[in-house]
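**Student:** Mind having a look at this structure? Questions to follow.
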Amino acid sequence: MTDIDVIDTLIQRVRDNCPGLAMVDEAWFAEPLDNFDEQTPAALIYLAEDAARADADTLRPVQPVRLTYGLWLVCKRPDFRPQRQALRDTLIGAEMTPEHNPMQYRGGQTTDIRGELIWWREFWTTDTWLR
């Protein structure tokens, strides 16, 4: 069975295409944000869900799967809209591998505002096959 998670490719794509970000990493491996002046804007990405889209095919061992990735954008207020747009320009329709459908935006929300910092989280999906 091949691992269908494309988080490394996703992180590298954001690093390559969003030069305004000071930090891009996998959320649970990232160093804590201690120095917001040096570490933001930051994009911290994680696999949020791995869900079956239908039953497995009985004639061959495959099943459609949707991968949902969460993306935290942490930045100061003046950086918010330009960095959010840069992320969206980078991800909408992006093909992570030939076996994955293009990335689709699923929604986002502000989760916290502290002083001049905004904590925004949005979700992106790609469909593939579990083999």
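Every chain in the structure tokens has a letter given in the order shown (A, B, ...), and although residue numbers restart at 1 in each chain, ligands are simply numbered from 1 in the order shown.
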Name the residues of chain A that come out as alpha helix (DSSP H) in a backbone DSSP run; write them as number ranges by chain.
**Tutor:** A: 7-17, 36-39, 77-91
**Student:** Please provide as a PyMOL selection string all residues within 8 Å of Arg13 (chain A), with the sequence filter that same-chain residues fewer than 4 positions apart are discarded (counting only C-alpha atoms).
**Tutor:** chain A and resi 9+17+90
**Student:** How about saving the chosen residues, N, CA, C and O atoms kept, as an mmCIF file, in the first residue's frame?
**Tutor:**
```
data_model
loop_
_atom_site.group_PDB
_atom_site.id
_atom_site.type_symbol
_atom_site.label_atom_id
_atom_site.label_comp_id
_atom_site.auth_asym_id
_atom_site.auth_seq_id
_atom_site.Cartn_x
_atom_site.Cartn_y
_atom_site.Cartn_z
ATOM 1 N N THR A 9 4.872 17.470 -0.036
ATOM 2 C CA THR A 9 4.757 18.174 -1.314
ATOM 3 C C THR A 9 4.001 19.488 -1.133
ATOM 4 O O THR A 9 4.370 20.521 -1.705
ATOM 5 N N ASN A 17 6.382 29.017 -3.336
ATOM 6 C CA ASN A 17 5.521 30.010 -3.983
ATOM 7 C C ASN A 17 5.045 31.154 -3.092
ATOM 8 O O ASN A 17 4.344 32.042 -3.580
ATOM 9 N N THR A 90 -1.505 29.919 -4.583
ATOM 10 C CA THR A 90 -0.591 28.779 -4.646
ATOM 11 C C THR A 90 -1.324 27.444 -4.623
ATOM 12 O O THR A 90 -0.904 26.493 -5.289
#
```
**Student:** Which residue, A:Thr125, A:Gln104, A:Thr40, A:Asn35, has the smallest gap to Asp79 (chain A) when you use only C-alpha atoms?
**Tutor:**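 Residue with the minimum atom-to-atom distance to Asp79 (chain A): A:Thr40.
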**Student:** Considering only C-alpha atoms, can you say which of A:Cys18, A:Pro102, A:Val24, A:Arg53 comes closest to Gln85 (chain A)?
**Tutor:** A:Cys18
**Student:** Set the distance at 12 Å and use only C-alpha atoms: which residues neighbour Trp119 (chain A) once local chain neighbours fewer than 3 positions away are removed? I'd like the list as a VMD selection string.
**Tutor:** chain A and resid 33 36 40 to 44 71 to 77 79 to 80 84 108 to 116 122
**Student:** Generate a file of the selected residues that holds N, CA, C and O atoms, formatted as a compact mmCIF listing (two decimals), in the first residue's frame.
**Tutor:**
```
# COMPACT_ATOMS: atom_id res chain seq x y z
N LEU A 33 5.85 29.37 18.31
CA LEU A 33 6.05 30.75 17.89
C LEU A 33 6.34 31.58 19.14
O LEU A 33 5.45 31.91 19.90
N PHE A 36 7.23 36.60 17.53
CA PHE A 36 6.29 36.87 16.45
C PHE A 36 6.85 37.82 15.40
O PHE A 36 6.48 37.75 14.24
N THR A 40 6.73 35.37 12.01
CA THR A 40 5.49 35.59 11.24
C THR A 40 5.78 36.51 10.07
O THR A 40 6.74 37.28 10.14
N PRO A 41 5.02 36.38 9.03
CA PRO A 41 3.89 35.50 8.83
C PRO A 41 4.32 34.04 8.77
O PRO A 41 5.38 33.72 8.23
N ALA A 42 3.49 33.18 9.32
CA ALA A 42 3.79 31.75 9.37
C ALA A 42 2.61 30.96 8.82
O ALA A 42 1.45 31.31 9.03
N ALA A 43 2.93 29.88 8.11
CA ALA A 43 1.93 28.92 7.65
C ALA A 43 2.29 27.57 8.25
O ALA A 43 3.39 27.07 8.02
N LEU A 44 1.40 27.03 9.05
CA LEU A 44 1.61 25.74 9.71
C LEU A 44 0.53 24.79 9.21
O LEU A 44 -0.66 25.04 9.37
N LEU A 71 -4.62 24.49 7.48
CA LEU A 71 -3.51 25.43 7.32
C LEU A 71 -3.74 26.60 8.26
O LEU A 71 -4.75 27.29 8.16
N TRP A 72 -2.82 26.77 9.20
CA TRP A 72 -2.86 27.92 10.09
C TRP A 72 -2.04 29.03 9.45
O TRP A 72 -0.89 28.81 9.06
N LEU A 73 -2.61 30.21 9.33
CA LEU A 73 -1.87 31.39 8.92
C LEU A 73 -1.83 32.31 10.13
O LEU A 73 -2.88 32.71 10.64
N VAL A 74 -0.64 32.58 10.62
CA VAL A 74 -0.47 33.46 11.77
C VAL A 74 0.32 34.66 11.29
O VAL A 74 1.45 34.52 10.80
N CYS A 75 -0.29 35.84 11.40
CA CYS A 75 0.40 37.03 10.90
C CYS A 75 -0.17 38.29 11.52
O CYS A 75 -1.23 38.28 12.14
N LYS A 76 0.57 39.36 11.31
CA LYS A 76 0.11 40.67 11.76
C LYS A 76 -0.95 41.17 10.79
O LYS A 76 -0.98 40.78 9.62
N ARG A 77 -1.79 42.03 11.28
CA ARG A 77 -2.94 42.52 10.52
C ARG A 77 -2.59 43.02 9.11
O ARG A 77 -3.26 42.64 8.15
N ASP A 79 -0.32 42.10 7.10
CA ASP A 79 0.12 40.99 6.26
C ASP A 79 -0.99 40.01 5.93
O ASP A 79 -0.83 39.17 5.04
N PHE A 80 -2.10 40.09 6.64
CA PHE A 80 -3.12 39.04 6.56
C PHE A 80 -3.67 38.84 5.15
O PHE A 80 -3.57 37.76 4.58
N ARG A 84 -2.77 35.61 2.84
CA ARG A 84 -3.88 34.68 2.60
C ARG A 84 -4.11 34.52 1.10
O ARG A 84 -4.30 33.41 0.60
N GLY A 108 -12.61 28.73 5.60
CA GLY A 108 -11.67 29.23 6.59
C GLY A 108 -12.36 30.12 7.60
O GLY A 108 -13.51 30.52 7.40
N GLN A 109 -11.64 30.42 8.67
CA GLN A 109 -12.20 31.28 9.70
C GLN A 109 -11.10 31.85 10.59
O GLN A 109 -10.04 31.25 10.75
N THR A 110 -11.38 33.01 11.15
CA THR A 110 -10.50 33.58 12.15
C THR A 110 -10.76 32.83 13.44
O THR A 110 -11.90 32.68 13.86
N THR A 111 -9.70 32.31 14.06
CA THR A 111 -9.88 31.59 15.32
C THR A 111 -9.45 32.42 16.52
O THR A 111 -9.86 32.13 17.63
N ASP A 112 -8.62 33.44 16.27
CA ASP A 112 -8.18 34.29 17.38
C ASP A 112 -7.58 35.57 16.82
O ASP A 112 -6.97 35.57 15.76
N ILE A 113 -7.76 36.65 17.56
CA ILE A 113 -7.08 37.92 17.27
C ILE A 113 -6.53 38.39 18.61
O ILE A 113 -7.28 38.58 19.56
N ARG A 114 -5.20 38.54 18.66
CA ARG A 114 -4.55 39.00 19.89
C ARG A 114 -3.64 40.17 19.54
O ARG A 114 -2.62 39.99 18.89
N GLY A 115 -4.07 41.35 19.98
CA GLY A 115 -3.31 42.54 19.63
C GLY A 115 -3.29 42.70 18.12
O GLY A 115 -4.32 42.73 17.47
N GLU A 116 -2.09 42.74 17.55
CA GLU A 116 -1.97 42.90 16.10
C GLU A 116 -1.90 41.57 15.35
O GLU A 116 -1.83 41.55 14.13
N GLU A 122 -7.68 27.61 7.61
CA GLU A 122 -8.52 27.22 6.49
C GLU A 122 -8.22 25.78 6.10
O GLU A 122 -7.19 25.23 6.51
```
**Student:** Near Ala52 (chain A), within 9 Å and counting only C-alpha atoms, which residues show up once chain neighbours fewer than 5 positions away are dropped, as a list in words?
**Tutor:**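 Counting only C-alpha atoms, the residues come to Gln63, Pro64, Val65, Arg66, Leu67 and Leu130 of chain A.
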**Student:** So that I have them on file, write out the residues from the current selection with N, CA, C and O atoms, as a compact mmCIF listing (two decimals), in the first residue's frame.
**Tutor:**
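Writing the result to out.txt gives the following:
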```
# COMPACT_ATOMS: atom_id res chain seq x y z
N GLN A 63 -10.20 2.23 -3.09
CA GLN A 63 -11.31 2.95 -2.48
C GLN A 63 -11.06 4.44 -2.62
O GLN A 63 -9.93 4.91 -2.37
N PRO A 64 -12.05 5.24 -3.04
CA PRO A 64 -11.85 6.68 -3.14
C PRO A 64 -11.73 7.31 -1.75
O PRO A 64 -12.47 6.97 -0.83
N VAL A 65 -10.77 8.24 -1.63
CA VAL A 65 -10.47 8.87 -0.35
C VAL A 65 -10.31 10.38 -0.55
O VAL A 65 -9.77 10.82 -1.56
N ARG A 66 -10.78 11.15 0.41
CA ARG A 66 -10.56 12.60 0.42
C ARG A 66 -9.62 12.95 1.58
O ARG A 66 -9.88 12.60 2.73
N LEU A 67 -8.54 13.64 1.24
CA LEU A 67 -7.60 14.14 2.25
C LEU A 67 -7.91 15.61 2.49
O LEU A 67 -8.02 16.39 1.54
N LEU A 130 -7.18 5.03 -2.34
CA LEU A 130 -6.45 4.16 -1.41
C LEU A 130 -6.31 2.82 -2.11
O LEU A 130 -7.29 2.21 -2.53
```
**Student:** Give me, please, the distance in Å between CA of Ala48 (chain A) and CA of Arg131 (chain A), quoted to one decimal.
**Tutor:**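 Value for the CA of Ala48 (chain A)-CA of Arg131 (chain A) distance: 20.4 Å.
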**Student:** Which residue is closest to Val6 (chain A)? Choose from A:Met23, A:Ala94, A:Val62, A:Ala86 and count only C-alpha atoms.
**Tutor:**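 Of all the options, A:Ala94 lies closest to Val6 (chain A).
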**Student:** How many Å separate CA of Pro78 (chain A) from CA of Asp8 (chain A)?
**Tutor:**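 Straight-line distance from CA of Pro78 (chain A) to CA of Asp8 (chain A) works out to 28.5 Å.
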